[in-house]
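Chemist: This structure is in structure tokens; I'll ask about it shortly.
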Amino acid sequence: MTRISAFIAGLLFGMGLLLSGMANPTKVLGFLDLAGQWDPSLALVMAGAIGVALLPMAWARRHAVSLLGGAMQLPARRDIDRRLVGGSLIFGIGWGLAGVCPGPALVLLAGGFWQGWLFVAAMLAGMALFNGLEVLSKRRQA
């Protein structure tokens, strides 16, 4: 049941990205173009997503078990450290250059667009690099 609900949630998310136009890198870059022809539609999509998420997140904070019986896994840390800021900067720079973040990249990938393949390959390479650096860091600390 968990895999089916994850599949349905991913399908709904992907459909939402397609319907809102957020899988289109040009639309996202239009939002980021504050000096040119700014497109505020991404801000409206984000506001709508936050509004939809408010009640489920409030429910999740009050429960230890999910609706499917799994352990509720909410972030425990709330501090802002160097790694969070650095990762946010790298994410933002990549998003600004490509107009794509991981969710829309998977939609583009599924649609067979070369940009999706390139982005996902770069994302996986970045994840592998991060994991490799983490292993090296832990070895040095030990």
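Chain identifiers are assigned as A, B, and so on, following the order in which chains appear in the structure tokens; residues are numbered from 1 within each chain, and ligands are numbered from 1 in order of appearance.
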What lies within 10 Å of A:Gln73 using only C-alpha atoms, ignoring chain neighbours under 2 positions off, as a ChimeraX atom specification?
Modeler: /A:60-61,64-66,70-71,75-76
Chemist: Name all residues at most 12 Å from stretch 5-9 of chain A (count only C-alpha atoms; drop same-chain ones fewer than 5 positions away) and give them as a list in words.
Modeler: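 Contacts, with the query itself left out: Gly14, Met15, Gly16, Leu67 and Leu68 of chain A.
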Chemist: Could you write out that same residue set with N, CA, C and O atoms as a short mmCIF file (atom, residue, chain, number, x, y, z; two decimals), in the first residue's frame?
Modeler:
```
data_model
loop_
_atom_site.label_atom_id
_atom_site.label_comp_id
_atom_site.auth_asym_id
_atom_site.auth_seq_id
_atom_site.Cartn_x
_atom_site.Cartn_y
_atom_site.Cartn_z
N GLY A 14 3.48 15.26 -10.35
CA GLY A 14 3.92 15.46 -11.74
C GLY A 14 2.83 16.11 -12.58
O GLY A 14 3.10 17.01 -13.38
N MET A 15 1.58 15.67 -12.40
CA MET A 15 0.48 16.27 -13.13
C MET A 15 0.30 17.74 -12.74
O MET A 15 0.04 18.59 -13.59
N GLY A 16 0.47 18.02 -11.45
CA GLY A 16 0.38 19.41 -10.99
C GLY A 16 1.47 20.27 -11.61
O GLY A 16 1.21 21.42 -12.00
N LEU A 67 -0.77 7.93 8.22
CA LEU A 67 -2.05 7.29 7.92
C LEU A 67 -1.88 5.84 7.46
O LEU A 67 -2.78 5.03 7.64
N LEU A 68 -0.74 5.53 6.88
CA LEU A 68 -0.47 4.15 6.43
C LEU A 68 0.24 3.32 7.48
O LEU A 68 0.62 2.19 7.22
#
```
